[in-house]
file upload28.csv (CSV, C-alpha atoms and all ligand atoms)
chain,number,residue,atom,x,y,z
A,1,MET,CA,68.1,129.0,79.2
A,2,ARG,CA,70.2,126.3,77.6
A,3,LEU,CA,73.9,127.2,77.6
A,4,VAL,CA,77.3,125.7,76.9
A,5,PHE,CA,80.4,127.2,78.6
A,6,LEU,CA,83.6,126.7,76.6
A,7,GLY,CA,87.2,127.7,77.2
A,8,PRO,CA,90.7,126.3,77.8
A,9,PRO,CA,91.4,124.5,81.1
A,10,GLY,CA,91.6,127.0,84.0
A,11,ALA,CA,89.7,129.7,82.1
A,12,GLY,CA,87.2,129.9,85.0
A,13,LYS,CA,84.3,127.9,83.4
A,14,GLY,CA,83.5,126.1,86.7
A,15,THR,CA,83.8,129.3,88.8
A,16,GLN,CA,81.5,131.3,86.5
A,17,ALA,CA,79.1,128.5,85.6
A,18,VAL,CA,78.3,127.9,89.3
A,19,ARG,CA,77.4,131.6,89.8
A,20,ALA,CA,75.5,131.8,86.5
A,21,ALA,CA,73.5,128.7,87.2
A,22,GLN,CA,72.6,130.0,90.7
A,23,GLU,CA,71.6,133.4,89.2
A,24,LEU,CA,69.4,131.8,86.5
A,25,GLY,CA,68.0,129.0,88.7
A,26,ILE,CA,69.1,126.3,86.2
A,27,ALA,CA,71.2,123.2,86.5
A,28,HIS,CA,75.0,123.3,86.5
A,29,VAL,CA,76.2,120.2,84.6
A,30,SER,CA,80.0,119.7,84.7
A,31,THR,CA,81.3,116.6,82.9
A,32,GLY,CA,84.6,117.0,84.8
A,33,ASP,CA,82.8,116.8,88.2
A,34,MET,CA,80.7,113.9,87.1
A,35,LEU,CA,83.8,112.0,85.8
A,36,ARG,CA,85.8,112.8,89.0
A,37,SER,CA,82.8,111.5,91.1
A,38,ALA,CA,82.7,108.3,88.9
A,39,VAL,CA,86.4,107.8,89.5
A,40,ALA,CA,86.0,108.3,93.2
A,41,ARG,CA,83.2,105.7,93.3
A,42,GLY,CA,85.1,103.3,91.1
A,43,THR,CA,82.2,102.8,88.6
A,44,PRO,CA,83.0,101.2,85.2
A,45,ALA,CA,82.9,104.6,83.6
A,46,GLY,CA,85.3,105.9,86.3
A,47,LYS,CA,87.7,103.1,85.8
A,48,LYS,CA,87.8,103.8,82.1
A,49,ALA,CA,88.2,107.5,82.6
A,50,GLU,CA,90.8,107.6,85.4
A,51,PRO,CA,94.1,106.9,83.5
A,52,ILE,CA,92.9,109.2,80.6
A,53,MET,CA,92.2,112.1,82.9
A,54,LYS,CA,95.5,111.7,84.8
A,55,ALA,CA,97.3,112.0,81.5
A,56,GLY,CA,95.3,115.0,80.3
A,57,GLY,CA,93.5,113.3,77.5
A,58,LEU,CA,89.8,113.3,76.6
A,59,VAL,CA,87.5,110.5,77.8
A,60,PRO,CA,85.7,108.6,75.0
A,61,ASP,CA,82.7,110.5,73.6
A,62,GLU,CA,80.2,107.7,74.4
A,63,VAL,CA,81.1,107.7,78.1
A,64,VAL,CA,80.4,111.4,78.5
A,65,LEU,CA,77.3,111.4,76.2
A,66,GLU,CA,75.6,108.8,78.4
A,67,MET,CA,76.2,111.0,81.5
A,68,VAL,CA,74.9,114.2,79.9
A,69,ASP,CA,71.9,112.4,78.3
A,70,GLU,CA,70.9,111.2,81.8
A,71,ARG,CA,71.1,114.7,83.3
A,72,LEU,CA,69.1,116.2,80.4
A,73,GLY,CA,66.3,113.8,81.3
A,74,SER,CA,66.4,114.7,85.0
A,75,ASP,CA,67.4,117.9,86.9
A,76,ALA,CA,68.6,119.7,83.7
A,77,ALA,CA,65.3,119.3,81.8
A,78,GLU,CA,64.2,122.9,82.6
A,79,GLY,CA,67.4,124.6,81.7
A,80,PHE,CA,71.2,124.1,82.1
A,81,ILE,CA,74.7,125.2,81.8
A,82,LEU,CA,76.9,122.5,80.4
A,83,ASP,CA,80.4,123.1,81.7
A,84,GLY,CA,83.2,121.2,79.8
A,85,TYR,CA,80.7,119.5,77.4
A,86,PRO,CA,80.8,119.4,74.4
A,87,ARG,CA,84.5,119.7,73.7
A,88,THR,CA,84.8,118.0,70.3
A,89,LEU,CA,82.8,118.5,67.1
A,90,LYS,CA,81.4,115.0,67.4
A,91,GLN,CA,80.2,115.8,71.0
A,92,GLY,CA,78.6,119.0,69.6
A,93,GLU,CA,76.7,117.0,67.0
A,94,ASP,CA,75.7,114.4,69.6
A,95,LEU,CA,74.4,117.2,71.9
A,96,ASP,CA,72.3,118.7,69.1
A,97,ARG,CA,70.8,115.3,68.4
A,98,ILE,CA,69.9,114.5,72.0
A,99,LEU,CA,68.5,118.0,72.5
A,100,SER,CA,66.4,117.9,69.3
A,101,ARG,CA,65.0,114.4,70.4
A,102,ARG,CA,63.6,116.3,73.4
A,103,GLY,CA,62.4,119.3,71.3
A,104,MET,CA,65.2,121.6,72.8
A,105,LYS,CA,68.0,123.7,71.3
A,106,LEU,CA,70.9,125.6,72.6
A,107,ASP,CA,70.5,129.4,73.2
A,108,ALA,CA,74.3,130.2,73.3
A,109,ALA,CA,77.8,128.8,73.6
A,110,LEU,CA,79.8,131.2,75.8
A,111,GLU,CA,83.5,131.0,75.3
A,112,LEU,CA,85.8,132.3,78.1
A,113,GLU,CA,89.0,133.5,76.5
A,114,LEU,CA,92.3,133.4,78.4
A,115,ALA,CA,96.0,133.5,77.3
A,116,GLU,CA,98.1,130.5,78.0
A,117,GLU,CA,100.6,132.4,80.3
A,118,VAL,CA,97.7,133.2,82.7
A,119,ILE,CA,96.4,129.6,82.8
A,120,VAL,CA,99.3,127.7,84.4
A,121,PRO,CA,99.5,129.9,87.6
A,122,ARG,CA,95.7,129.7,87.9
A,123,MET,CA,95.8,125.9,87.8
A,124,ALA,CA,98.8,125.6,90.1
A,125,GLY,CA,96.9,127.5,92.8
A,126,ARG,CA,93.6,125.8,92.4
A,127,ARG,CA,92.2,123.8,95.4
A,128,SER,CA,88.8,122.1,95.2
A,129,CYS,CA,86.4,120.3,97.5
A,130,PRO,CA,86.0,116.7,96.5
A,131,LYS,CA,82.7,116.6,98.5
A,132,ASP,CA,80.7,119.5,97.0
A,133,GLY,CA,82.8,120.5,94.0
A,134,ARG,CA,83.5,124.1,95.3
A,135,ILE,CA,86.5,125.8,93.6
A,136,TYR,CA,89.1,128.0,95.3
A,137,HIS,CA,92.5,129.5,94.5
A,138,VAL,CA,95.2,129.9,97.1
A,139,THR,CA,95.6,133.7,96.4
A,140,ALA,CA,92.9,134.8,93.9
A,141,ASN,CA,89.9,133.1,95.6
A,142,PRO,CA,91.1,131.7,99.0
A,143,PRO,CA,88.9,129.8,101.5
A,144,LYS,CA,88.4,131.5,104.9
A,145,VAL,CA,90.6,128.8,106.5
A,146,PRO,CA,93.5,127.6,104.3
A,147,GLY,CA,92.8,124.0,103.1
A,148,VAL,CA,89.3,123.9,104.4
A,149,CYS,CA,86.0,124.2,102.4
A,150,ASP,CA,84.0,127.2,103.5
A,151,ALA,CA,80.7,125.4,102.8
A,152,CYS,CA,81.1,121.9,104.2
A,153,GLY,CA,84.3,122.1,106.3
A,154,GLY,CA,85.9,119.2,104.5
A,155,PRO,CA,89.6,119.2,103.4
A,156,LEU,CA,90.5,120.8,100.1
A,157,ILE,CA,92.6,118.9,97.5
A,158,GLN,CA,94.8,119.7,94.6
A,159,ARG,CA,93.6,117.9,91.4
A,160,PRO,CA,96.0,115.3,90.1
A,161,ASP,CA,95.7,116.7,86.6
A,162,ASP,CA,96.8,120.2,87.7
A,163,ARG,CA,100.5,119.3,87.4
A,164,GLU,CA,102.2,121.6,84.9
A,165,GLU,CA,103.0,118.9,82.3
A,166,VAL,CA,99.4,117.6,82.4
A,167,VAL,CA,98.0,121.1,82.1
A,168,ARG,CA,100.1,121.6,79.0
A,169,LYS,CA,98.7,118.4,77.5
A,170,ARG,CA,95.2,119.5,78.3
A,171,MET,CA,95.8,122.8,76.6
A,172,GLU,CA,97.1,120.9,73.5
A,173,GLU,CA,93.9,118.8,73.5
A,174,TYR,CA,91.8,122.0,73.7
A,175,ARG,CA,93.6,123.6,70.8
A,176,ALA,CA,93.4,120.5,68.6
A,177,LYS,CA,89.9,119.2,69.4
A,178,THR,CA,87.8,122.0,70.8
A,179,THR,CA,88.8,124.8,68.4
A,180,PRO,CA,86.9,123.2,65.5
A,181,LEU,CA,83.8,123.0,67.8
A,182,THR,CA,84.2,126.7,68.6
A,183,ASP,CA,84.4,127.5,64.9
A,184,TRP,CA,81.2,125.4,64.4
A,185,TYR,CA,79.3,127.4,67.0
A,186,ARG,CA,80.5,130.6,65.5
A,187,ALA,CA,79.2,129.6,62.0
A,188,LYS,CA,75.8,128.7,63.6
A,189,GLY,CA,75.8,132.3,65.0
A,190,ILE,CA,75.5,131.3,68.7
A,191,LEU,CA,79.1,131.8,69.9
A,192,VAL,CA,79.5,134.6,72.5
A,193,ARG,CA,83.1,135.4,73.5
A,194,VAL,CA,84.0,136.8,77.0
A,195,ASP,CA,87.4,138.0,78.1
A,196,ALA,CA,88.3,135.9,81.1
A,197,ASN,CA,91.2,138.1,82.2
A,198,GLY,CA,90.9,140.0,85.5
A,199,THR,CA,89.4,139.1,88.9
A,200,VAL,CA,86.6,136.6,89.4
A,201,ASP,CA,84.1,139.5,89.9
A,202,GLN,CA,85.3,141.4,86.8
A,203,VAL,CA,84.8,138.3,84.7
A,204,TRP,CA,81.4,137.7,86.3
A,205,ALA,CA,80.3,141.2,85.4
A,206,ARG,CA,81.1,140.4,81.7
A,207,VAL,CA,79.4,137.0,81.9
A,208,LYS,CA,76.3,138.6,83.3
A,209,GLU,CA,76.2,141.2,80.6
A,210,ALA,CA,76.6,138.5,77.9
A,211,LEU,CA,73.9,136.4,79.4
A,212,SER,CA,71.4,139.3,79.6
A,213,LYS,CA,72.0,139.9,75.9
A,214,VAL,CA,71.4,136.2,75.2
A,215,ALA,CA,68.2,136.4,77.3
A,216,LYS,CA,67.0,139.5,75.4
A,217,ALA,CA,67.6,137.9,72.0
A,218,LYS,CA,65.8,134.7,73.2
A,219,GLY,CA,62.8,136.9,74.4
A,220,GLY,CA,62.8,138.7,71.0
A,221,ARG,CA,62.6,135.3,69.2
A,222,GLY,CA,59.5,134.6,71.4
A,301,LIG,P1,87.3,119.6,83.5
A,301,LIG,O1,87.1,119.4,85.0
A,301,LIG,O2,86.1,120.1,82.7
A,301,LIG,O3,88.6,120.5,83.3
A,301,LIG,P2,88.9,121.7,82.2
A,301,LIG,O4,87.9,121.9,81.2
A,301,LIG,O5,90.3,121.5,81.9
A,301,LIG,O6,88.6,122.9,83.1
A,301,LIG,P3,89.0,123.2,84.5
A,301,LIG,O7,88.0,122.5,85.5
A,301,LIG,O8,90.4,122.7,84.7
A,301,LIG,O9,89.0,124.7,84.6
A,301,LIG,P4,87.8,125.8,84.6
A,301,LIG,O10,87.8,126.5,83.3
A,301,LIG,O11,86.6,125.2,85.1
A,301,LIG,O12,88.4,126.8,85.7
A,301,LIG,P5,88.1,127.0,87.3
A,301,LIG,O13,86.8,127.7,87.4
A,301,LIG,O14,88.2,125.7,88.0
A,301,LIG,O15,87.8,118.2,82.9
A,301,LIG,C1,88.8,117.5,83.5
A,301,LIG,C2,89.1,116.2,82.6
A,301,LIG,O16,87.9,115.4,82.5
A,301,LIG,C3,89.5,116.5,81.1
A,301,LIG,O17,90.9,116.8,81.0
A,301,LIG,C4,89.1,115.2,80.5
A,301,LIG,O18,90.0,114.2,80.7
A,301,LIG,C5,87.8,114.9,81.2
A,301,LIG,N1,86.6,115.4,80.5
A,301,LIG,C6,85.7,116.3,81.1
A,301,LIG,N2,84.8,116.6,80.2
A,301,LIG,C7,85.0,115.9,79.1
A,301,LIG,C8,84.3,115.7,77.8
A,301,LIG,N3,83.3,116.5,77.5
A,301,LIG,N4,84.9,114.9,76.9
A,301,LIG,C9,86.0,114.1,77.2
A,301,LIG,N5,86.6,114.2,78.4
A,301,LIG,C10,86.2,115.1,79.3
A,301,LIG,O19,89.3,127.9,87.6
A,301,LIG,C11,90.6,127.5,87.7
A,301,LIG,C12,91.4,128.1,88.9
A,301,LIG,O20,91.5,129.5,88.7
A,301,LIG,C13,90.6,128.0,90.3
A,301,LIG,O21,91.6,127.9,91.3
A,301,LIG,C14,89.8,129.3,90.4
A,301,LIG,O22,89.6,129.7,91.8
A,301,LIG,C15,90.8,130.3,89.7
A,301,LIG,N6,90.1,131.4,89.0
A,301,LIG,C16,88.9,131.3,88.3
A,301,LIG,N7,88.7,132.5,87.8
A,301,LIG,C17,89.7,133.4,88.2
A,301,LIG,C18,90.0,134.7,87.9
A,301,LIG,N8,89.2,135.5,87.2
A,301,LIG,N9,91.2,135.2,88.4
A,301,LIG,C19,92.0,134.4,89.2
A,301,LIG,N10,91.8,133.1,89.4
A,301,LIG,C20,90.6,132.6,88.9
call {"tool": "encode", "arguments": {"input": "upload28.csv", "output": "structure tokens", "more": "lines below"}}
Ligand code: AP5
result
Amino acid sequence: MRLVFLGPPGAGKGTQAVRAAQELGIAHVSTGDMLRSAVARGTPAGKKAEPIMKAGGLVPDEVVLEMVDERLGSDAAEGFILDGYPRTLKQGEDLDRILSRRGMKLDAALELELAEEVIVPRMAGRRSCPKDGRIYHVTANPPKVPGVCDACGGPLIQRPDDREEVVRKRMEEYRAKTTPLTDWYRAKGILVRVDANGTVDQVWARVKEALSKVAKAKGGRG
């Protein structure tokens, strides 16, 4: 399966993409995680991205394209969920181009839909593990020990771009730059919308159902 997960910041793309990738046995490719790792390592891409991410803007297309292209040639060659990429029409076209160069095409773009008033509290309560990328929420999805990653025991952090004013800027970017991409996938007939309201498990049940329909349709196409 070759999938894209779309949705506004905090819709739960990362949370659901990790589960779906595990279930399907395919790679989870998060451009946000890759960029945060590049920032932490101080690479040239990370240095370029850091101030833009802090302000809630989008990193230049060519920076993310290079990262995604590399993964498609390695662990994501046999199937993937792209989480947070593409997020502009130009990135969508770039992705089609690098996939067709490898004789691949997308099976579906799954859009997690969530109202703005639910987003801000979700982001304010998010805690993540900088070491293994695991995502928690102080009330909706808490770790066993507050502030400590269940998996690696490392300290959890609050992302610097989760401050309310930065979240609002990220939502503005999503509305302006990602909505045309969503419309483009709808016109191609591969957009699948999922209601992202409710608990993590309720949303997961909807995601699973949507993915099984995509798998059936793919099987039907041979
Ligand atoms: P990125 O990391 O991709 O951020 P995002 O798209 O804004 O999405 P988030 O990671 O904030 O949210 P999510 O939808 O994954 O939600 P999550 O599952 O964590 O990108 C960060 C930045 O990098 C961008 O702003 C940009 O600068 C740059 N960037 C990345 N990709 C780029 C690209 N392609 N081009 C250019 N720039 C790029 O959930 C959020 C919280 O809610 C968590 O605490 C979680 O536990 C909780 N939660 C999840 N589901 C539920 C639920 N059902 N009920 C209650 N709580 C829930």
call {"tool": "residues_near_ligand", "arguments": {"input": "upload28.csv", "ligand": "ligand LIG 301 (chain A)", "cutoff": "6 Å", "atoms": "all atoms listed in the file", "output": "PyMOL selection string"}}
result
chain A and resi 9-15+31-33+52-53+56-61+64+84-87+122-123+125-127+135-137+140-141+170+197-200+203
call {"tool": "closest_residue", "arguments": {"input": "upload28.csv", "among": "A:Cys149, A:Ile190, A:Ala38, A:Val63", "to": "Ala217 (chain A)", "atoms": "all atoms listed in the file"}}
result
A:Ile190
call {"tool": "residues_around", "arguments": {"input": "upload28.csv", "residues": "Lys131 (chain A)", "least_positions_apart": "6", "cutoff": "12 Å", "atoms": "only C-alpha atoms", "output": "ChimeraX atom specification"}}
result
/A:33-34,36-37,40,148-157
call {"tool": "residues_around", "arguments": {"input": "upload28.csv", "residues": "Glu113 (chain A)", "least_positions_apart": "4", "cutoff": "8 Å", "atoms": "only C-alpha atoms", "output": "ChimeraX atom specification"}}
result
/A:7-8,11,193-197
call {"tool": "residues_around", "arguments": {"input": "upload28.csv", "residues": "Arg175 (chain A)", "least_positions_apart": "3", "cutoff": "12 Å", "atoms": "only C-alpha atoms", "output": "list in words"}}
result
Leu6, Gly7, Pro8, Pro9, Arg87, Thr88, Glu116, Arg168, Lys169, Arg170, Met171, Glu172, Thr178, Thr179, Pro180, Leu181, Thr182 and Asp183 of chain A
call {"tool": "atom_distance", "arguments": {"input": "upload28.csv", "atom1": "CA of Ala20 (chain A)", "atom2": "CA of Ile98 (chain A)"}}
result
23.3 Å
call {"tool": "residues_around", "arguments": {"input": "upload28.csv", "residues": "Leu191 (chain A)", "least_positions_apart": "4", "cutoff": "8 Å", "atoms": "all atoms listed in the file", "output": "PyMOL selection string"}}
result
chain A and resi 108-111+182+185-186
